[in-house]
Amino acid sequence: MYEWSDEHLMLQQAMRDFVAKEILPIKEELEHGDLPPYDVLRKLYSTFGMDEMARSTFAKRIAHEKAVAAGEPVEEKPSRHGGGDAGYTLIPIIELCRHCPGMVTAMGVSVGLTASAIQAKGTIAQKERWVPELLTLEKVGAWAITEPNSGSDAFGSMLSTARRDGDEYVLNGSKTFITNGPYADTIVFIAKLDEGNDPKDRKVLSFVLDRGMPGLEQPKPLRKMGMHSSPTGELFLTDVRVGRDRLIGETEEVSKGGRDGAKATFQQERAGVAAMSLGIIEQCLELCVQYAKERVQFGQRIGDFQLIQQKLAKMEVARMNVQNLVFRTIELSRAGKSMTFAEASAMKLYSAQVATEVALEAVQLHGGNGYMAEFQVEQLARDAKVLQIYAGTDEIQTVAIARALLA
Ligand SMILES: Cc1cc2nc3c(=O)[nH]c(=O)nc-3n(C[C@H](O)[C@H](O)[C@H](O)COP(=O)(O)OP(=O)(O)OC[C@H]3O[C@@H](n4cnc5c(N)ncnc54)[C@H](O)[C@@H]3O)c2cc1C
């Protein structure tokens, strides 16, 4: 694939119409007024039939899993994209990111991380219990691994614990920077099994929690630099009691529920960042081209200055490269393949870096106006920066790539 198909372009246009009609009129509240993004995201889902599509695709995949479990003859497992290709999932991400990348963060964590974590490693009963409402956004999901003292070293420094108590587990710990944390109905909480052994040797387990469980606190959102349409918060757990039915996979077998599950989630997260970056880059470039044609200094359009032309040319190179990475993701998924962990890291590293560079250069190209909130590049520059921090920092992606090369 080297360009969008006519069908993709139709979806792109429909998304642009939706954004103009439903999001831009409330953008101020989403970006500055603490309006949570969930209702407008639900509207997006219902308008485009994404909720119905998610429900029917989930039903087909579960029926397939049940048939496999019963030893019945089965055909190929239905794709997550419900017959279409990954482009139909990525175009809404790209289009939303032109205006409110935070909405994609909120949506991606709920659907992409929380639902996927349960879908990847949960039992059939767990999937049926939690996944459909997450996939349709009827329920908001959060995926919680980061702690005040454990970020990049997510597993090594993790202090959250799960202790066995009869047939139950008792969970304790605090998490921070959790997307959707303040509003989440369903939370995947990652902790170490405390058997009195050295924390370094403990198994990593994932549990599913519901809002309102005794001992679970979800304080109000934290203030931050950008991504304001994505609420971010802390979680505090004090002696939260859960049955084995909430342990993902219902097994302490690490290869099923623990580090592998979290690592698979990292990989998915990294691939999504390329599409987010593309939306930011496309929007910045369009705004810059327009501004370079209109703004006059020294008696000529600033677009006539070679230093401004260089900025535009570099933005176009970044746009083409990131778009090609997105196309590659779509092609791989069509072929039923996925990237290696190192490839996903490389794609995330590059996309996040160029999105931030482009957005900052867009501010520069707009001069003083670029620094003003009235001009959208100011917001996109603040939003883009976090792409280099969450889902694994630039430095951690670099380590993952180099490790794979040297292995
Ligand atoms: C807006 C936002 C939303 C988030 N959403 C979620 C979420 O939904 N769920 C969740 O669990 N987490 C979430 N996070 C947390 C995010 O994943 C972490 O912030 C990130 O992994 C970095 O961890 P840290 O902040 O503790 O930084 P640290 O790990 O303390 O890093 C500090 C600096 O040291 C560098 N560094 C660390 N280790 C190395 C190394 N080995 N080599 C070289 N340099 C290194 C880092 O790259 C960074 O520059 C979110 C964060 C933000 C900002």
# chains A, B, ... in the order shown; residues from 1 in each chain; ligands from 1

call {"tool": "residues_around", "arguments": {"residues": "Ile93 (chain A)", "least_positions_apart": "6", "cutoff": "9 Å", "atoms": "only C-alpha atoms", "output": "JSON, numbers by chain"}}
result
{"A": [101, 103, 104, 108, 272, 275, 276, 279]}

call {"tool": "residues_around", "arguments": {"residues": "region 334-337 of chain A", "least_positions_apart": "2", "cutoff": "10 Å", "atoms": "only C-alpha atoms", "output": "list in words"}}
result
Ser79, His81, Gly83, Gly84, Asp85, Ala86, Gly87, Arg328, Thr329, Ile330, Glu331, Leu332, Met339 and Thr340 of chain A

call {"tool": "closest_residue", "arguments": {"among": "A:Val273, A:Cys100, A:Ile91, A:Leu235", "to": "Pro148 (chain A)", "atoms": "only C-alpha atoms"}}
result
A:Leu235

call {"tool": "closest_atom_pairs", "arguments": {"of": "region 127-169 of chain A", "to": "region 205-224 of chain A", "cutoff": "10 Å", "atoms": "only C-alpha atoms", "output": "CSV"}}
result
residue,atom,partner,partner_atom,distance
A:Trp130,CA,A:Val208,CA,8.6
A:Val140,CA,A:Arg211,CA,9.9
A:Gly141,CA,A:Asp210,CA,9.5
A:Ala142,CA,A:Leu209,CA,9.7
A:Trp143,CA,A:Val208,CA,9.4
A:Ala144,CA,A:Ser206,CA,9.3
A:Ile145,CA,A:Ser206,CA,9.3
A:Thr161,CA,A:Leu205,CA,9.1
A:Ala162,CA,A:Leu205,CA,8.0
A:Tyr169,CA,A:Phe207,CA,9.7

call {"tool": "write_last_selection", "arguments": {"atoms": "C-alpha atoms", "output": "tab-separated table (two decimals), in the first residue's frame"}}
result
chain	number	residue	atom	x	y	z
A	130	TRP	CA	-15.35	-6.88	30.63
A	140	VAL	CA	-14.00	3.68	30.32
A	141	GLY	CA	-10.85	1.65	30.87
A	142	ALA	CA	-7.48	2.37	32.48
A	143	TRP	CA	-4.26	0.35	32.35
A	144	ALA	CA	-2.06	0.93	35.37
A	145	ILE	CA	1.58	-0.03	35.56
A	161	THR	CA	1.68	-6.03	45.75
A	162	ALA	CA	-0.81	-8.86	45.56
A	169	TYR	CA	-5.81	-11.77	46.79

call {"tool": "select_by_dssp", "arguments": {"residues": "region 147-360 of chain A", "states": "helix (DSSP H, G or I)", "output": "ChimeraX atom specification"}}
result
/A:199-201,244-246,248-250,254-257,259-294,302-304,306-334,341-360

call {"tool": "write_last_selection", "arguments": {"atoms": "C-alpha atoms", "output": "mmCIF file, in the first residue's frame"}}
result
data_model
loop_
_atom_site.group_PDB
_atom_site.id
_atom_site.type_symbol
_atom_site.label_atom_id
_atom_site.label_comp_id
_atom_site.auth_asym_id
_atom_site.auth_seq_id
_atom_site.Cartn_x
_atom_site.Cartn_y
_atom_site.Cartn_z
ATOM 1 C CA PRO A 199 10.795 -8.194 45.112
ATOM 2 C CA LYS A 200 13.135 -8.713 42.116
ATOM 3 C CA ASP A 201 12.083 -12.369 41.883
ATOM 4 C CA ARG A 244 -9.225 -15.301 41.347
ATOM 5 C CA ASP A 245 -11.861 -14.414 38.742
ATOM 6 C CA ARG A 246 -10.204 -10.955 38.563
ATOM 7 C CA ILE A 248 -6.146 -12.042 34.226
ATOM 8 C CA GLY A 249 -5.887 -15.547 32.836
ATOM 9 C CA GLU A 250 -6.921 -16.907 36.278
ATOM 10 C CA VAL A 254 3.805 -15.771 34.454
ATOM 11 C CA SER A 255 4.033 -16.548 30.751
ATOM 12 C CA LYS A 256 0.281 -16.183 30.517
ATOM 13 C CA GLY A 257 -0.707 -13.316 32.758
ATOM 14 C CA ARG A 259 5.311 -9.721 31.919
ATOM 15 C CA ASP A 260 4.427 -11.183 28.508
ATOM 16 C CA GLY A 261 0.949 -9.684 28.707
ATOM 17 C CA ALA A 262 2.286 -6.258 29.660
ATOM 18 C CA LYS A 263 4.992 -6.451 26.968
ATOM 19 C CA ALA A 264 2.429 -7.292 24.271
ATOM 20 C CA THR A 265 0.510 -4.226 25.425
ATOM 21 C CA PHE A 266 3.641 -2.017 25.112
ATOM 22 C CA GLN A 267 4.043 -3.178 21.514
ATOM 23 C CA GLN A 268 0.486 -2.254 20.565
ATOM 24 C CA GLU A 269 0.870 1.137 22.233
ATOM 25 C CA ARG A 270 4.030 1.890 20.274
ATOM 26 C CA ALA A 271 2.417 1.182 16.904
ATOM 27 C CA GLY A 272 -0.501 3.536 17.695
ATOM 28 C CA VAL A 273 1.880 6.448 18.328
ATOM 29 C CA ALA A 274 2.887 6.560 14.636
ATOM 30 C CA ALA A 275 -0.703 7.259 13.593
ATOM 31 C CA MET A 276 -1.007 9.923 16.296
ATOM 32 C CA SER A 277 2.212 11.534 15.087
ATOM 33 C CA LEU A 278 0.968 11.556 11.505
ATOM 34 C CA GLY A 279 -2.159 13.510 12.486
ATOM 35 C CA ILE A 280 -0.103 16.104 14.360
ATOM 36 C CA ILE A 281 2.432 16.446 11.525
ATOM 37 C CA GLU A 282 -0.226 16.738 8.804
ATOM 38 C CA GLN A 283 -2.061 19.452 10.690
ATOM 39 C CA CYS A 284 1.096 21.417 11.529
ATOM 40 C CA LEU A 285 2.270 21.249 7.927
ATOM 41 C CA GLU A 286 -1.069 22.437 6.557
ATOM 42 C CA LEU A 287 -1.206 25.333 9.020
ATOM 43 C CA CYS A 288 2.399 26.269 8.247
ATOM 44 C CA VAL A 289 1.981 26.219 4.458
ATOM 45 C CA GLN A 290 -1.057 28.445 4.799
ATOM 46 C CA TYR A 291 0.716 30.841 7.173
ATOM 47 C CA ALA A 292 3.857 30.959 4.999
ATOM 48 C CA LYS A 293 1.703 32.040 2.052
ATOM 49 C CA GLU A 294 -0.181 34.712 4.008
ATOM 50 C CA ILE A 302 7.606 34.554 4.635
ATOM 51 C CA GLY A 303 7.292 31.450 2.426
ATOM 52 C CA ASP A 304 9.697 33.177 0.024
ATOM 53 C CA GLN A 306 14.730 30.000 2.135
ATOM 54 C CA LEU A 307 14.970 29.369 5.876
ATOM 55 C CA ILE A 308 11.167 29.055 6.020
ATOM 56 C CA GLN A 309 11.179 26.852 2.919
ATOM 57 C CA GLN A 310 13.675 24.568 4.619
ATOM 58 C CA LYS A 311 11.343 24.156 7.587
ATOM 59 C CA LEU A 312 8.422 23.269 5.290
ATOM 60 C CA ALA A 313 10.532 20.805 3.314
ATOM 61 C CA LYS A 314 11.684 19.036 6.486
ATOM 62 C CA MET A 315 8.081 18.807 7.668
ATOM 63 C CA GLU A 316 7.081 17.220 4.369
ATOM 64 C CA VAL A 317 9.890 14.656 4.651
ATOM 65 C CA ALA A 318 8.688 13.795 8.169
ATOM 66 C CA ARG A 319 5.081 13.507 6.941
ATOM 67 C CA MET A 320 6.066 11.140 4.127
ATOM 68 C CA ASN A 321 8.212 8.964 6.368
ATOM 69 C CA VAL A 322 5.628 8.639 9.126
ATOM 70 C CA GLN A 323 2.861 8.014 6.602
ATOM 71 C CA ASN A 324 4.941 5.218 5.106
ATOM 72 C CA LEU A 325 5.367 3.680 8.554
ATOM 73 C CA VAL A 326 1.601 3.823 9.043
ATOM 74 C CA PHE A 327 1.067 2.193 5.626
ATOM 75 C CA ARG A 328 3.528 -0.526 6.599
ATOM 76 C CA THR A 329 1.536 -1.209 9.786
ATOM 77 C CA ILE A 330 -1.606 -1.580 7.676
ATOM 78 C CA GLU A 331 0.081 -3.913 5.197
ATOM 79 C CA LEU A 332 1.554 -6.106 7.917
ATOM 80 C CA SER A 333 -1.801 -6.394 9.614
ATOM 81 C CA ARG A 334 -3.457 -7.275 6.274
ATOM 82 C CA PHE A 341 9.228 -5.508 19.411
ATOM 83 C CA ALA A 342 12.320 -3.651 18.197
ATOM 84 C CA GLU A 343 10.619 -2.534 14.983
ATOM 85 C CA ALA A 344 7.638 -1.206 16.931
ATOM 86 C CA SER A 345 10.109 0.642 19.180
ATOM 87 C CA ALA A 346 11.924 2.121 16.179
ATOM 88 C CA MET A 347 8.675 3.288 14.650
ATOM 89 C CA LYS A 348 7.563 4.865 17.931
ATOM 90 C CA LEU A 349 10.900 6.538 18.534
ATOM 91 C CA TYR A 350 11.105 8.083 15.076
ATOM 92 C CA SER A 351 7.445 9.147 14.849
ATOM 93 C CA ALA A 352 7.381 10.744 18.303
ATOM 94 C CA GLN A 353 10.615 12.634 17.683
ATOM 95 C CA VAL A 354 9.610 14.035 14.316
ATOM 96 C CA ALA A 355 6.098 14.931 15.513
ATOM 97 C CA THR A 356 7.623 16.962 18.344
ATOM 98 C CA GLU A 357 10.216 18.565 16.052
ATOM 99 C CA VAL A 358 7.596 19.451 13.458
ATOM 100 C CA ALA A 359 5.224 20.896 16.060
ATOM 101 C CA LEU A 360 7.980 23.017 17.644
#
